[in-house]
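> Pasting a structure here, questions to come.
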Amino acid sequence: MRGMTGTLVLAGTPIGDLADAPPRLGAELLAADVVAAEDTRRLRRLAQGLGVRVAGRVVSYFEGNEAARTPELAEELAQGARVLLVTDAGMPSVSDPGYRLVAAAVAGGARVTVVPGPSAVLTALAVSGLPVDRFCFEGFLPRKAGERAARLAEAADERRTLVYFEAPHRLAASLSAMADVFGPDRRAAVCRELTKTYEEVRRGPLADLAAWADEGVRGEITVVVEGAAPAAAPADPAALARLVAEREAAGQHRKEAIAEVARAAGVPKREVFDAVVAARTADRT
């Protein structure tokens, strides 16, 4: 649908604390011809809490009707309307309805603008204590165990910090699956009820977090996981054998020396043992 003269406004909403609402949100609620809300009841409570009135027509726009309602809202944009899109919490389109409408508006030439607001993804990253210079958002993991494991396997070698959303009743299973795929010692942070009264951030190895979550966790959950470590360069067998020999010369037992060299080099002990045997064989010949 070309020639849209309307404006689509994507507005962030608080993820917990109402005081975090963007200052412009109230003005946009009053100015919009149409407000598309993921939950119209929550929208009314939000407007009441902000002390503003929703002047335009309110329609529901959620996962179940997003595909069917998008053409209707696109027609409003074609007629020059100002359409405001809000979700239950955070930014539209980020694991919430919005992408279809944005794509339709862009295709039709409508103006698309944003009222920036809170984001659980960025908030969790900021408090996680993990690297934030590069990250990727993975949304919700599949509910079925096999599909979940397959999705995690795709990210096993991802070096950027990973961010996931998860339902509280699936958290323990997801953390356990992450520990299986990423390794039990991979660092992570579970961020619960961000900006709310009972906000909690649990940091630690995935295995420990999985054990903690197994006792039961409530609230809105965002999980931040450390990226994979860079792949180690192939170990030089001669160098491994030399390191073991140096430790033996200093009085360390060979078994202990092999274990320490293997741990430092990030290789199996068997690989170091074979390097030592090969070096001794070469010396005898």
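Here, A, B, ... name the chains of the structure tokens in the order displayed, residue numbers run from 1 inside each chain, and ligands are numbered from 1 in the same displayed order.
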Could you give me, as a ChimeraX atom specification, the residues within 10 Å of A:Asp88, counting only C-alpha atoms and dropping anything in the same chain fewer than 5 positions from it?

/A:12-15,37-43,46,62,96-97

> Those residues with N, CA, C and O atoms, as a CSV table (one decimal), in the first residue's frame please?


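For reference, out_19.csv as written:
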```
chain,number,residue,atom,x,y,z
A,12,GLY,N,7.9,3.1,23.9
A,12,GLY,CA,8.4,2.3,24.9
A,12,GLY,C,7.5,2.5,26.2
A,12,GLY,O,7.1,3.6,26.4
A,13,THR,N,7.3,1.4,26.9
A,13,THR,CA,6.5,1.6,28.2
A,13,THR,C,7.3,1.0,29.3
A,13,THR,O,8.3,0.2,29.1
A,14,PRO,N,7.1,1.3,30.6
A,14,PRO,CA,7.9,0.8,31.7
A,14,PRO,C,7.9,-0.7,31.8
A,14,PRO,O,6.9,-1.3,31.5
A,15,ILE,N,9.1,-1.2,32.1
A,15,ILE,CA,9.2,-2.7,32.3
A,15,ILE,C,8.8,-3.0,33.8
A,15,ILE,O,8.8,-4.2,34.1
A,37,ALA,N,-2.7,-1.4,21.3
A,37,ALA,CA,-2.1,-1.9,22.5
A,37,ALA,C,-2.2,-3.4,22.6
A,37,ALA,O,-3.2,-4.1,22.2
A,38,GLU,N,-1.1,-4.0,23.2
A,38,GLU,CA,-1.0,-5.4,23.3
A,38,GLU,C,-2.1,-5.9,24.3
A,38,GLU,O,-2.7,-6.9,24.1
A,39,ASP,N,-2.4,-5.1,25.3
A,39,ASP,CA,-3.4,-5.4,26.3
A,39,ASP,C,-4.1,-4.1,26.6
A,39,ASP,O,-3.5,-3.2,27.2
A,40,THR,N,-5.4,-3.9,26.2
A,40,THR,CA,-6.1,-2.7,26.3
A,40,THR,C,-6.3,-2.3,27.8
A,40,THR,O,-6.4,-1.1,28.2
A,41,ARG,N,-6.5,-3.3,28.6
A,41,ARG,CA,-6.7,-3.1,30.1
A,41,ARG,C,-5.4,-2.5,30.7
A,41,ARG,O,-5.5,-1.6,31.5
A,42,ARG,N,-4.3,-3.1,30.3
A,42,ARG,CA,-3.0,-2.5,30.9
A,42,ARG,C,-2.8,-1.1,30.3
A,42,ARG,O,-2.3,-0.2,31.1
A,43,LEU,N,-3.2,-0.8,29.1
A,43,LEU,CA,-3.1,0.5,28.6
A,43,LEU,C,-3.9,1.5,29.4
A,43,LEU,O,-3.4,2.6,29.8
A,46,LEU,N,-2.1,2.1,32.6
A,46,LEU,CA,-0.9,2.9,32.4
A,46,LEU,C,-1.3,4.4,32.2
A,46,LEU,O,-0.7,5.3,32.9
A,62,PHE,N,-2.1,-7.9,19.5
A,62,PHE,CA,-1.3,-8.8,20.2
A,62,PHE,C,-0.9,-10.0,19.2
A,62,PHE,O,-1.4,-10.0,18.1
A,96,ASP,N,7.9,-8.8,21.0
A,96,ASP,CA,6.5,-8.3,21.2
A,96,ASP,C,5.9,-7.9,19.8
A,96,ASP,O,6.7,-7.8,18.8
A,97,PRO,N,4.6,-7.8,19.7
A,97,PRO,CA,4.0,-7.4,18.4
A,97,PRO,C,4.6,-6.1,17.9
A,97,PRO,O,5.0,-5.2,18.7
```

> I need the strand (DSSP E or B) residues of stretch 58-221 of chain A per DSSP on the backbone, written as a PDB file with N, CA and C atoms, in the first residue's frame.


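Saved file result-v1.pdb follows:
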```
ATOM      1  N   VAL A  58      -9.019   3.025  20.631  1.00  0.00           N
ATOM      2  CA  VAL A  58      -8.119   2.003  21.166  1.00  0.00           C
ATOM      3  C   VAL A  58      -8.469   0.651  20.558  1.00  0.00           C
ATOM      4  N   VAL A  59      -7.463  -0.044  20.032  1.00  0.00           N
ATOM      5  CA  VAL A  59      -7.671  -1.386  19.480  1.00  0.00           C
ATOM      6  C   VAL A  59      -6.620  -2.319  20.072  1.00  0.00           C
ATOM      7  N   SER A  60      -6.957  -3.585  20.165  1.00  0.00           N
ATOM      8  CA  SER A  60      -5.989  -4.569  20.651  1.00  0.00           C
ATOM      9  C   SER A  60      -5.076  -4.998  19.505  1.00  0.00           C
ATOM     10  N   ARG A  82      -2.501   9.211  12.883  1.00  0.00           N
ATOM     11  CA  ARG A  82      -1.339   9.039  13.749  1.00  0.00           C
ATOM     12  C   ARG A  82      -1.623   7.814  14.618  1.00  0.00           C
ATOM     13  N   VAL A  83      -0.871   6.747  14.385  1.00  0.00           N
ATOM     14  CA  VAL A  83      -1.101   5.468  15.064  1.00  0.00           C
ATOM     15  C   VAL A  83       0.003   5.261  16.091  1.00  0.00           C
ATOM     16  N   LEU A  84      -0.391   5.067  17.341  1.00  0.00           N
ATOM     17  CA  LEU A  84       0.565   4.820  18.429  1.00  0.00           C
ATOM     18  C   LEU A  84       0.528   3.339  18.782  1.00  0.00           C
ATOM     19  N   LEU A  85       1.689   2.699  18.812  1.00  0.00           N
ATOM     20  CA  LEU A  85       1.789   1.281  19.146  1.00  0.00           C
ATOM     21  C   LEU A  85       2.507   1.121  20.477  1.00  0.00           C
ATOM     22  N   VAL A  86       1.851   0.456  21.427  1.00  0.00           N
ATOM     23  CA  VAL A  86       2.465   0.173  22.722  1.00  0.00           C
ATOM     24  C   VAL A  86       2.257  -1.303  23.061  1.00  0.00           C
ATOM     25  N   GLY A  90       8.233  -2.427  27.783  1.00  0.00           N
ATOM     26  CA  GLY A  90       9.385  -2.314  26.902  1.00  0.00           C
ATOM     27  C   GLY A  90       9.038  -1.795  25.522  1.00  0.00           C
ATOM     28  N   ARG A 111       5.586   7.712   7.730  1.00  0.00           N
ATOM     29  CA  ARG A 111       6.654   8.100   8.643  1.00  0.00           C
ATOM     30  C   ARG A 111       6.599   7.177   9.852  1.00  0.00           C
ATOM     31  N   VAL A 112       7.738   6.655  10.243  1.00  0.00           N
ATOM     32  CA  VAL A 112       7.825   5.792  11.418  1.00  0.00           C
ATOM     33  C   VAL A 112       8.785   6.442  12.400  1.00  0.00           C
ATOM     34  N   THR A 113       8.323   6.694  13.610  1.00  0.00           N
ATOM     35  CA  THR A 113       9.162   7.329  14.618  1.00  0.00           C
ATOM     36  C   THR A 113       9.032   6.598  15.938  1.00  0.00           C
ATOM     37  N   VAL A 114       9.866   6.975  16.898  1.00  0.00           N
ATOM     38  CA  VAL A 114       9.952   6.225  18.157  1.00  0.00           C
ATOM     39  C   VAL A 114       9.934   7.170  19.353  1.00  0.00           C
ATOM     40  N   VAL A 115       9.249   6.735  20.392  1.00  0.00           N
ATOM     41  CA  VAL A 115       9.378   7.346  21.711  1.00  0.00           C
ATOM     42  C   VAL A 115      10.242   6.376  22.517  1.00  0.00           C
ATOM     43  N   PHE A 135      26.852  -7.837  21.657  1.00  0.00           N
ATOM     44  CA  PHE A 135      25.876  -8.784  22.194  1.00  0.00           C
ATOM     45  C   PHE A 135      24.854  -9.120  21.111  1.00  0.00           C
ATOM     46  N   CYS A 136      24.114 -10.208  21.330  1.00  0.00           N
ATOM     47  CA  CYS A 136      23.020 -10.568  20.433  1.00  0.00           C
ATOM     48  C   CYS A 136      21.823 -11.021  21.270  1.00  0.00           C
ATOM     49  N   PHE A 137      20.647 -10.647  20.821  1.00  0.00           N
ATOM     50  CA  PHE A 137      19.409 -10.956  21.516  1.00  0.00           C
ATOM     51  C   PHE A 137      18.762 -12.164  20.870  1.00  0.00           C
ATOM     52  N   GLU A 138      18.477 -13.198  21.662  1.00  0.00           N
ATOM     53  CA  GLU A 138      17.957 -14.460  21.157  1.00  0.00           C
ATOM     54  C   GLU A 138      16.480 -14.673  21.471  1.00  0.00           C
ATOM     55  N   GLY A 139      15.843 -13.739  22.174  1.00  0.00           N
ATOM     56  CA  GLY A 139      14.415 -13.880  22.464  1.00  0.00           C
ATOM     57  C   GLY A 139      14.137 -15.063  23.374  1.00  0.00           C
ATOM     58  N   PHE A 140      12.958 -15.672  23.189  1.00  0.00           N
ATOM     59  CA  PHE A 140      12.565 -16.843  23.974  1.00  0.00           C
ATOM     60  C   PHE A 140      13.072 -18.121  23.312  1.00  0.00           C
ATOM     61  N   THR A 161      28.093 -11.673  23.848  1.00  0.00           N
ATOM     62  CA  THR A 161      27.214 -11.942  24.987  1.00  0.00           C
ATOM     63  C   THR A 161      25.802 -12.219  24.481  1.00  0.00           C
ATOM     64  N   LEU A 162      25.154 -13.217  25.059  1.00  0.00           N
ATOM     65  CA  LEU A 162      23.832 -13.656  24.629  1.00  0.00           C
ATOM     66  C   LEU A 162      22.767 -13.212  25.631  1.00  0.00           C
ATOM     67  N   VAL A 163      21.620 -12.780  25.117  1.00  0.00           N
ATOM     68  CA  VAL A 163      20.513 -12.357  25.982  1.00  0.00           C
ATOM     69  C   VAL A 163      19.263 -13.138  25.608  1.00  0.00           C
ATOM     70  N   TYR A 164      18.626 -13.726  26.609  1.00  0.00           N
ATOM     71  CA  TYR A 164      17.413 -14.513  26.403  1.00  0.00           C
ATOM     72  C   TYR A 164      16.304 -14.012  27.323  1.00  0.00           C
ATOM     73  N   PHE A 165      15.061 -14.136  26.864  1.00  0.00           N
ATOM     74  CA  PHE A 165      13.897 -14.016  27.733  1.00  0.00           C
ATOM     75  C   PHE A 165      13.460 -15.427  28.101  1.00  0.00           C
ATOM     76  N   GLU A 166      12.912 -15.604  29.293  1.00  0.00           N
ATOM     77  CA  GLU A 166      12.415 -16.933  29.654  1.00  0.00           C
ATOM     78  C   GLU A 166      11.276 -16.823  30.654  1.00  0.00           C
ATOM     79  N   ARG A 187      29.851 -18.278  32.488  1.00  0.00           N
ATOM     80  CA  ARG A 187      29.247 -17.279  33.377  1.00  0.00           C
ATOM     81  C   ARG A 187      27.918 -16.766  32.813  1.00  0.00           C
ATOM     82  N   ALA A 188      26.998 -16.448  33.714  1.00  0.00           N
ATOM     83  CA  ALA A 188      25.682 -15.938  33.307  1.00  0.00           C
ATOM     84  C   ALA A 188      25.094 -15.103  34.430  1.00  0.00           C
ATOM     85  N   ALA A 189      24.030 -14.406  34.104  1.00  0.00           N
ATOM     86  CA  ALA A 189      23.282 -13.624  35.102  1.00  0.00           C
ATOM     87  C   ALA A 189      21.800 -13.805  34.825  1.00  0.00           C
ATOM     88  N   VAL A 190      21.051 -14.114  35.865  1.00  0.00           N
ATOM     89  CA  VAL A 190      19.596 -14.196  35.772  1.00  0.00           C
ATOM     90  C   VAL A 190      19.029 -12.934  36.407  1.00  0.00           C
ATOM     91  N   CYS A 191      18.345 -12.144  35.597  1.00  0.00           N
ATOM     92  CA  CYS A 191      17.796 -10.866  36.058  1.00  0.00           C
ATOM     93  C   CYS A 191      16.282 -11.015  36.210  1.00  0.00           C
ATOM     94  N   ARG A 192      15.808 -10.828  37.410  1.00  0.00           N
ATOM     95  CA  ARG A 192      14.396 -11.074  37.734  1.00  0.00           C
ATOM     96  C   ARG A 192      13.731  -9.799  38.221  1.00  0.00           C
ATOM     97  N   GLU A 200      15.954  -8.701  41.425  1.00  0.00           N
ATOM     98  CA  GLU A 200      17.038  -9.583  41.870  1.00  0.00           C
ATOM     99  C   GLU A 200      17.911  -9.936  40.678  1.00  0.00           C
ATOM    100  N   VAL A 201      19.225  -9.925  40.879  1.00  0.00           N
ATOM    101  CA  VAL A 201      20.170 -10.339  39.848  1.00  0.00           C
ATOM    102  C   VAL A 201      21.066 -11.417  40.439  1.00  0.00           C
ATOM    103  N   ARG A 202      20.996 -12.607  39.888  1.00  0.00           N
ATOM    104  CA  ARG A 202      21.817 -13.728  40.330  1.00  0.00           C
ATOM    105  C   ARG A 202      22.918 -13.954  39.294  1.00  0.00           C
ATOM    106  N   ARG A 203      24.162 -13.937  39.729  1.00  0.00           N
ATOM    107  CA  ARG A 203      25.293 -14.119  38.826  1.00  0.00           C
ATOM    108  C   ARG A 203      26.066 -15.360  39.230  1.00  0.00           C
ATOM    109  N   GLY A 204      26.623 -16.075  38.254  1.00  0.00           N
ATOM    110  CA  GLY A 204      27.419 -17.250  38.574  1.00  0.00           C
ATOM    111  C   GLY A 204      27.526 -18.189  37.391  1.00  0.00           C
ATOM    112  N   PRO A 205      28.176 -19.333  37.570  1.00  0.00           N
ATOM    113  CA  PRO A 205      28.258 -20.337  36.508  1.00  0.00           C
ATOM    114  C   PRO A 205      26.870 -20.898  36.197  1.00  0.00           C
ATOM    115  N   ILE A 221      11.689 -12.702  33.650  1.00  0.00           N
ATOM    116  CA  ILE A 221      13.073 -13.175  33.653  1.00  0.00           C
ATOM    117  C   ILE A 221      13.809 -12.774  32.372  1.00  0.00           C
TER     118      ILE A 221
END
```

> Nearest residue to A:Pro22 out of A:Gln79, A:Ser119, A:Thr70, A:Gln48, using only C-alpha atoms?

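Under the stated criterion, the closest residue is A:Ser119.
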
> From the list A:Arg284, A:Arg100, A:Lys255, A:Arg53, which residue is nearest A:Ala27 when using only C-alpha atoms?

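Checking each candidate against A:Ala27, we get A:Arg53 as the closest.
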
> Which of these residues is nearest to A:Tyr198, using only C-alpha atoms: A:Val35, A:Arg218, A:Phe182, A:Arg151?

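Closest to A:Tyr198, using only C-alpha atoms: A:Arg218.
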
> Please provide the set of residues having any atom within 12 Å of A:Gly146, restricted to only C-alpha atoms, with same-chain residues fewer than 6 positions apart removed, written as a list in words.

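The residues satisfying every condition are Leu152, Ala153, Ala173, Ser174 and Ala177 of chain A.
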
> Which is closest to A:His169 among A:Val244, A:Val217, A:Ala104, A:Val9, if we use only C-alpha atoms?

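Smallest separation from A:His169 among the options: A:Val217.
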
> When DSSP is applied to the backbone of this structure, which of stretch 15-262 of chain A are assigned alpha helix (DSSP H)? Write them out as a PyMOL selection string.

chain A and resi 25-31+40-50+66-78+99-108+120-128+145-154+171-182+206-213+237-249+254-262

> Excluding stretch 272-281 of chain A and any residue of its chain fewer than 6 positions from it, enumerate the residues within 12 Å of it, using only C-alpha atoms, and give them as a list in words.

Ala235, Asp236, Pro237, Ala238, Ala239, Leu240, Ala241, Arg242, Leu243, Val244, Ala245, Glu246, Glu248, Arg254, Lys255, Glu256, Ala257, Ile258, Ala259, Glu260, Val261, Ala262, Arg263, Ala264, Ala265 and Gly266 of chain A

> For A:Thr123, work out the shell of residues within 10 Å, counting only C-alpha atoms and skipping chain neighbours fewer than 2 positions away, then give it as a list in words.

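Contacts, with the query itself left out: Ile15, Pro118, Ser119, Ala120, Val121, Leu125, Ala126, Val127, Ser128, Cys191, Leu194, Thr195 and Thr222 of chain A.
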